[in-house]
>>> print(open('model-v6.txt').read())   # compact mmCIF, C-alpha atoms
# COMPACT_ATOMS: atom_id res chain seq x y z
CA MET A 1 0.00 0.00 0.00
CA SER A 2 2.81 2.33 0.85
CA GLU A 3 4.36 1.79 -2.55
CA LYS A 4 1.07 2.51 -4.31
CA ILE A 5 0.56 5.63 -2.32
CA THR A 6 3.99 6.83 -3.11
CA LEU A 7 3.56 6.18 -6.79
CA GLU A 8 0.20 7.95 -6.85
CA ASN A 9 1.72 10.84 -4.93
CA LEU A 10 4.52 11.00 -7.41
CA ASP A 11 2.08 11.05 -10.32
CA LYS A 12 0.09 13.84 -8.68
CA ALA A 13 3.24 15.79 -7.95
CA ILE A 14 4.37 15.41 -11.57
CA ASN A 15 0.97 16.53 -12.86
CA LYS A 16 0.96 19.56 -10.57
CA ALA A 17 4.47 20.47 -11.69
CA THR A 18 3.50 20.26 -15.33
CA ASP A 19 0.35 22.34 -14.72
CA THR A 20 2.30 25.00 -12.93
CA ALA A 21 4.94 24.95 -15.66
CA ASP A 22 2.25 25.42 -18.32
CA ALA A 23 0.50 28.17 -16.37
CA THR A 24 3.49 30.33 -15.55
CA PRO A 25 4.26 31.55 -19.09
CA ALA A 26 0.74 33.00 -19.49
CA ASP A 27 0.93 34.59 -16.08
CA ASP A 28 4.36 35.92 -16.87
CA LYS A 29 3.07 37.32 -20.15
CA GLN A 30 0.18 39.04 -18.39
CA ALA A 31 2.56 40.43 -15.80
CA THR A 32 4.99 41.65 -18.43
CA ASP A 33 2.16 43.24 -20.45
CA LYS A 34 0.93 45.06 -17.36
CA ASP A 35 4.45 46.22 -16.62
CA ILE A 36 4.91 47.46 -20.19
CA LYS A 37 1.60 49.32 -20.12
CA ALA A 38 2.41 50.79 -16.75
CA ASP A 39 5.79 51.85 -18.01
CA ALA A 40 4.45 53.16 -21.34
CA LYS A 41 1.61 55.32 -19.96
CA PRO A 42 3.70 57.78 -17.96
CA ASP A 43 6.30 57.94 -20.69
CA ALA A 44 3.68 58.72 -23.36
CA LYS A 45 2.08 61.40 -21.16
CA ALA A 46 5.47 62.89 -20.46
CA ASP A 47 6.31 62.90 -24.18
CA ILE A 48 2.97 64.55 -25.05
CA LYS A 49 3.47 67.23 -22.41
CA THR A 50 7.02 67.93 -23.51
CA ASP A 51 5.95 68.09 -27.18
CA ALA A 52 3.08 70.44 -26.35
CA LYS A 53 5.36 72.67 -24.35
CA ALA A 54 7.94 72.62 -27.11
CA ASP A 55 5.25 73.55 -29.67
CA ILE A 56 3.57 76.28 -27.64
CA THR A 57 6.29 78.13 -25.83
CA PRO A 58 8.55 79.07 -28.79
CA ASP A 59 5.60 80.33 -30.85
CA ALA A 60 4.25 82.29 -27.92
CA LYS A 61 7.63 83.83 -27.36
CA THR A 62 8.03 84.73 -30.99
CA ASP A 63 4.52 86.24 -31.02
CA THR A 64 5.26 88.36 -27.98
CA ASP A 65 8.60 89.33 -29.45
CA ASN A 66 6.88 90.34 -32.68
CA MET A 67 4.17 92.30 -30.88
CA GLN A 68 6.57 94.45 -28.90
CA PRO A 69 8.39 95.92 -31.93
CA MET A 70 5.03 96.64 -33.62
CA SER A 71 3.83 98.68 -30.67
CA ALA A 72 7.18 100.40 -30.52
CA ASP A 73 6.95 101.24 -34.22
CA ILE A 74 3.43 102.62 -33.80
CA GLU A 75 4.55 104.81 -30.95
CA ALA A 76 7.62 105.92 -32.87
CA GLU A 77 5.68 106.91 -35.98
CA GLU A 78 5.16 110.62 -36.35
CA PRO A 79 2.52 112.34 -38.50
CA GLN A 80 3.95 113.19 -41.88
CA PRO A 81 3.70 116.82 -42.96
CA ILE A 82 1.15 117.61 -45.66
CA ILE A 83 2.87 118.55 -48.92
CA LEU A 84 1.04 121.41 -50.62
CA PRO A 85 1.27 122.02 -54.36
CA ASP A 86 3.12 125.06 -55.65
CA PRO A 87 1.08 128.21 -56.38
CA GLN A 88 0.06 128.65 -60.02
CA ILE A 89 0.78 132.35 -60.69
CA ASP A 90 1.54 133.85 -64.08
CA THR A 91 4.13 136.51 -64.91
CA LEU A 92 1.64 139.29 -64.10
CA GLY A 93 1.07 137.97 -60.58
CA ARG A 94 -2.38 136.53 -61.36
CA ALA A 95 -4.04 133.16 -60.81
CA TYR A 96 -6.56 131.97 -63.40
CA ALA A 97 -9.49 129.56 -63.05
CA THR A 98 -12.71 128.66 -64.82
CA GLY A 99 -16.02 128.43 -62.98
CA LYS A 100 -19.36 126.95 -64.05
CA ARG A 101 -22.94 127.03 -62.82
CA LYS A 102 -26.08 126.00 -64.70
CA ASN A 103 -25.45 127.16 -68.29
CA ALA A 104 -23.04 129.96 -67.35
CA THR A 105 -19.26 129.84 -67.74
CA ALA A 106 -16.92 132.36 -66.10
CA ARG A 107 -13.22 133.03 -66.61
CA VAL A 108 -11.70 134.55 -63.49
CA TRP A 109 -8.32 136.19 -62.76
CA ILE A 110 -7.32 137.23 -59.25
CA LYS A 111 -4.32 139.23 -58.05
CA ARG A 112 -3.31 141.08 -54.92
CA GLY A 113 -5.27 144.30 -54.51
CA SER A 114 -7.92 146.18 -52.55
CA GLY A 115 -10.96 143.95 -53.20
CA LYS A 116 -12.30 145.45 -56.44
CA ILE A 117 -14.43 143.11 -58.59
CA THR A 118 -14.97 143.78 -62.29
CA VAL A 119 -17.45 141.69 -64.33
CA ASN A 120 -17.43 141.98 -68.13
CA GLY A 121 -15.72 145.37 -67.86
CA ARG A 122 -18.28 146.76 -65.40
CA ASP A 123 -18.32 147.15 -61.64
CA GLU A 124 -20.02 144.39 -59.69
CA LYS A 125 -22.68 146.75 -58.29
CA ILE A 126 -23.71 147.74 -61.82
CA PHE A 127 -23.63 144.26 -63.32
CA PHE A 128 -25.31 142.58 -60.32
CA ALA A 129 -27.84 145.09 -59.03
CA ARG A 130 -29.41 142.64 -56.57
CA PRO A 131 -27.60 142.40 -53.20
CA VAL A 132 -28.22 138.65 -53.03
CA LEU A 133 -26.18 138.09 -56.18
CA ARG A 134 -23.30 140.19 -54.85
CA MET A 135 -23.45 138.20 -51.61
CA ILE A 136 -23.17 134.95 -53.61
CA LEU A 137 -20.24 136.47 -55.47
CA ARG A 138 -18.22 137.09 -52.29
CA GLN A 139 -19.09 133.96 -50.28
CA SER A 140 -15.81 132.16 -50.93
CA LEU A 141 -13.77 135.29 -50.15
CA VAL A 142 -15.57 135.71 -46.82
CA ALA A 143 -15.10 132.00 -45.94
CA ALA A 144 -11.35 132.26 -46.64
CA ASP A 145 -11.10 135.63 -44.80
CA ARG A 146 -9.78 137.33 -47.96
CA GLY A 147 -12.56 139.88 -48.50
CA ASP A 148 -10.36 142.89 -49.41
CA SER A 149 -7.13 141.11 -50.34
CA TYR A 150 -7.61 140.49 -54.06
CA ASP A 151 -8.72 142.35 -57.15
CA ILE A 152 -10.91 140.15 -59.36
CA ILE A 153 -11.54 140.37 -63.09
CA ALA A 154 -14.24 138.07 -64.51
CA ASN A 155 -15.63 137.44 -67.97
CA VAL A 156 -18.90 135.50 -67.91
CA LYS A 157 -21.31 134.34 -70.56
CA GLY A 158 -24.33 132.08 -70.82
CA GLY A 159 -27.26 131.56 -68.48
CA GLY A 160 -28.95 134.18 -66.34
CA LEU A 161 -27.71 136.46 -63.58
CA SER A 162 -28.10 133.82 -60.86
CA GLY A 163 -26.12 131.24 -62.84
CA GLN A 164 -23.47 133.82 -63.74
CA ALA A 165 -23.01 134.80 -60.09
CA GLY A 166 -22.60 131.13 -59.14
CA ALA A 167 -20.12 130.59 -61.97
CA ILE A 168 -17.98 133.53 -60.85
CA ARG A 169 -18.03 132.27 -57.25
CA HIS A 170 -16.86 128.86 -58.43
CA GLY A 171 -14.07 130.45 -60.46
CA ILE A 172 -12.96 132.67 -57.55
CA SER A 173 -12.82 129.65 -55.24
CA LYS A 174 -10.62 127.68 -57.64
CA ALA A 175 -8.37 130.66 -58.30
CA LEU A 176 -7.85 131.15 -54.55
CA THR A 177 -6.62 127.56 -54.21
CA TYR A 178 -4.19 128.17 -57.07
CA TYR A 179 -2.89 131.38 -55.51
CA GLU A 180 -2.85 130.05 -51.90
CA PRO A 181 -2.96 126.22 -51.82
CA GLU A 182 -3.37 126.21 -48.03
CA LEU A 183 -6.91 127.63 -48.44
CA ARG A 184 -8.12 124.46 -50.16
CA SER A 185 -9.25 122.73 -46.95
CA VAL A 186 -11.38 125.70 -45.89
CA LEU A 187 -13.00 126.14 -49.29
CA LYS A 188 -13.51 122.40 -49.72
CA ALA A 189 -15.29 122.16 -46.38
CA GLY A 190 -17.63 124.97 -47.45
CA GLY A 191 -18.45 123.22 -50.73
CA PHE A 192 -17.20 126.08 -52.90
CA LEU A 193 -14.93 123.90 -55.04
CA THR A 194 -17.66 121.50 -56.16
CA ARG A 195 -19.27 122.17 -59.50
CA ASP A 196 -23.04 122.21 -58.98
CA SER A 197 -24.35 119.69 -61.49
CA ARG A 198 -27.97 120.87 -61.35
CA ILE A 199 -28.99 122.21 -64.74
CA VAL A 200 -32.27 122.63 -66.59
CA GLU A 201 -33.63 119.36 -67.88
CA ARG A 202 -34.08 119.31 -71.64
CA LYS A 203 -37.46 119.41 -73.32
CA LYS A 204 -38.88 116.10 -74.56
CA TYR A 205 -40.87 115.59 -77.73
CA GLY A 206 -44.58 115.10 -77.16
CA ARG A 207 -44.47 117.32 -74.04
CA ALA A 208 -44.73 121.04 -73.50
CA LYS A 209 -41.51 121.12 -71.42
CA ALA A 210 -39.24 118.53 -69.78
CA ARG A 211 -42.13 116.93 -67.83
CA ARG A 212 -45.13 119.21 -68.50
CA SER A 213 -47.84 117.69 -70.65
CA PHE A 214 -50.10 119.56 -72.99
CA GLN A 215 -53.57 120.49 -71.80
CA PHE A 216 -55.89 117.56 -72.09
CA SER A 217 -58.87 117.98 -74.44
CA LYS A 218 -61.67 115.49 -74.16
CA ARG A 219 -63.19 116.41 -77.57
>>> encode(input="model-v6.txt", output="C-alpha cells")
Amino acid sequence: MSEKITLENLDKAINKATDTADATPADDKQATDKDIKADAKPDAKADIKTDAKADITPDAKTDTDNMQPMSADIEAEEPQPIILPDPQIDTLGRAYATGKRKNATARVWIKRGSGKITVNGRDEKIFFARPVLRMILRQSLVAADRGDSYDIIANVKGGGLSGQAGAIRHGISKALTYYEPELRSVLKAGGFLTRDSRIVERKKYGRAKARRSFQFSKR
C-alpha cells in the first residue's frame, strides 16, 4: 500500500508540476504586459506634455517678441507733414481759373489788390444790381477771410444772372486755391470747389416742357 501511495503521490506531484509549468508563461506574459503598459503610460504622457510645451512656448515667445516691436513702431511713428502744391501764378502775378454754374461759364483772374471786382468790364454793383447776387459772389472770399485782399476780373457768358453769379463764385474759389494752396481745406469744407451739377432738364418731344404735358382735351 505504501508503494502505491507513493507512486500515486509521485504522479500527482508530476501533474501539478507540469500544470504549474504550463501556467506560468501566461501569467508571466500578463505580468509583463501590465508592466509594459504601466511603463508606457507615464512615458507617453510625459512625451505629449514635452511636445506640447515645445510647440507652444517658442511660438508664444516669438509672437510676444513680434508684438513688442510693432507697438514700438506705432509709438515711434510721427505724423507726416502735408505737402502742398506750388502756387500757379503767371508773370503778371495773377491766378486763373474757370467756374461753371447751370449754363453759365466764367473766366476769373485774381491778383493782390484792394478787393475790387470787375465783371465783363463793369463794376459788380452795376452788373449785379441785386444784393443777393453780390453776396453769392463774395461767399468764398468771406469763408477764406480774404474779402479785401484780391482784385478780381471776370468774364462771364451764358445763363442768367443767378447762374453767372454762381459761376464767378466757383471760379474765384478755384483761383484762390491756385494762388494760396493752403486755403483748399477751408473752401472744400464749405463746398465752394464743387461744380453744382444741377442744370435745366431738356425738353422732350410730345411734351410742353421737360415733364409738362399739354392740356388735355376730351373732344
>>> residues_around(input="model-v6.txt", residues="Ser114 (chain A)", least_positions_apart="2", cutoff="7 Å", atoms="all atoms listed in the file", output="list in words")
Lys116, Asp148, Ser149, Tyr150 and Asp151 of chain A
>>> closest_residue(input="model-v6.txt", among="A:Ile153, A:Leu161, A:Val119, A:Ile82", to="Val132 (chain A)", atoms="only C-alpha atoms")
A:Leu161
>>> closest_residue(input="model-v6.txt", among="A:Val142, A:Arg130, A:Asp123, A:Gln88", to="Pro181 (chain A)", atoms="only C-alpha atoms")
A:Gln88
>>> closest_residue(input="model-v6.txt", among="A:Glu124, A:Asn155, A:Tyr178, A:Ser185", to="Pro85 (chain A)", atoms="all atoms listed in the file")
A:Tyr178
>>> closest_residue(input="model-v6.txt", among="A:Gly121, A:Gly159, A:Pro87, A:Gly93", to="Ile199 (chain A)", atoms="all atoms listed in the file")
A:Gly159
>>> residues_around(input="model-v6.txt", residues="Val156 (chain A)", least_positions_apart="3", cutoff="9 Å", atoms="all atoms listed in the file", output="short mmCIF file (atom, residue, chain, number, x, y, z; two decimals) with C-alpha atoms, in the coordinates of the input")
data_model
loop_
_atom_site.label_atom_id
_atom_site.label_comp_id
_atom_site.auth_asym_id
_atom_site.auth_seq_id
_atom_site.Cartn_x
_atom_site.Cartn_y
_atom_site.Cartn_z
CA ALA A 104 -23.04 129.96 -67.35
CA THR A 105 -19.26 129.84 -67.74
CA ALA A 106 -16.92 132.36 -66.10
CA ARG A 107 -13.22 133.03 -66.61
CA VAL A 108 -11.70 134.55 -63.49
CA VAL A 119 -17.45 141.69 -64.33
CA ASN A 120 -17.43 141.98 -68.13
CA GLN A 164 -23.47 133.82 -63.74
CA ALA A 165 -23.01 134.80 -60.09
CA ALA A 167 -20.12 130.59 -61.97
CA ILE A 168 -17.98 133.53 -60.85
#
>>> closest_residue(input="model-v6.txt", among="A:Arg101, A:Arg198, A:Arg94, A:Arg169", to="Gly113 (chain A)", atoms="only C-alpha atoms")
A:Arg94
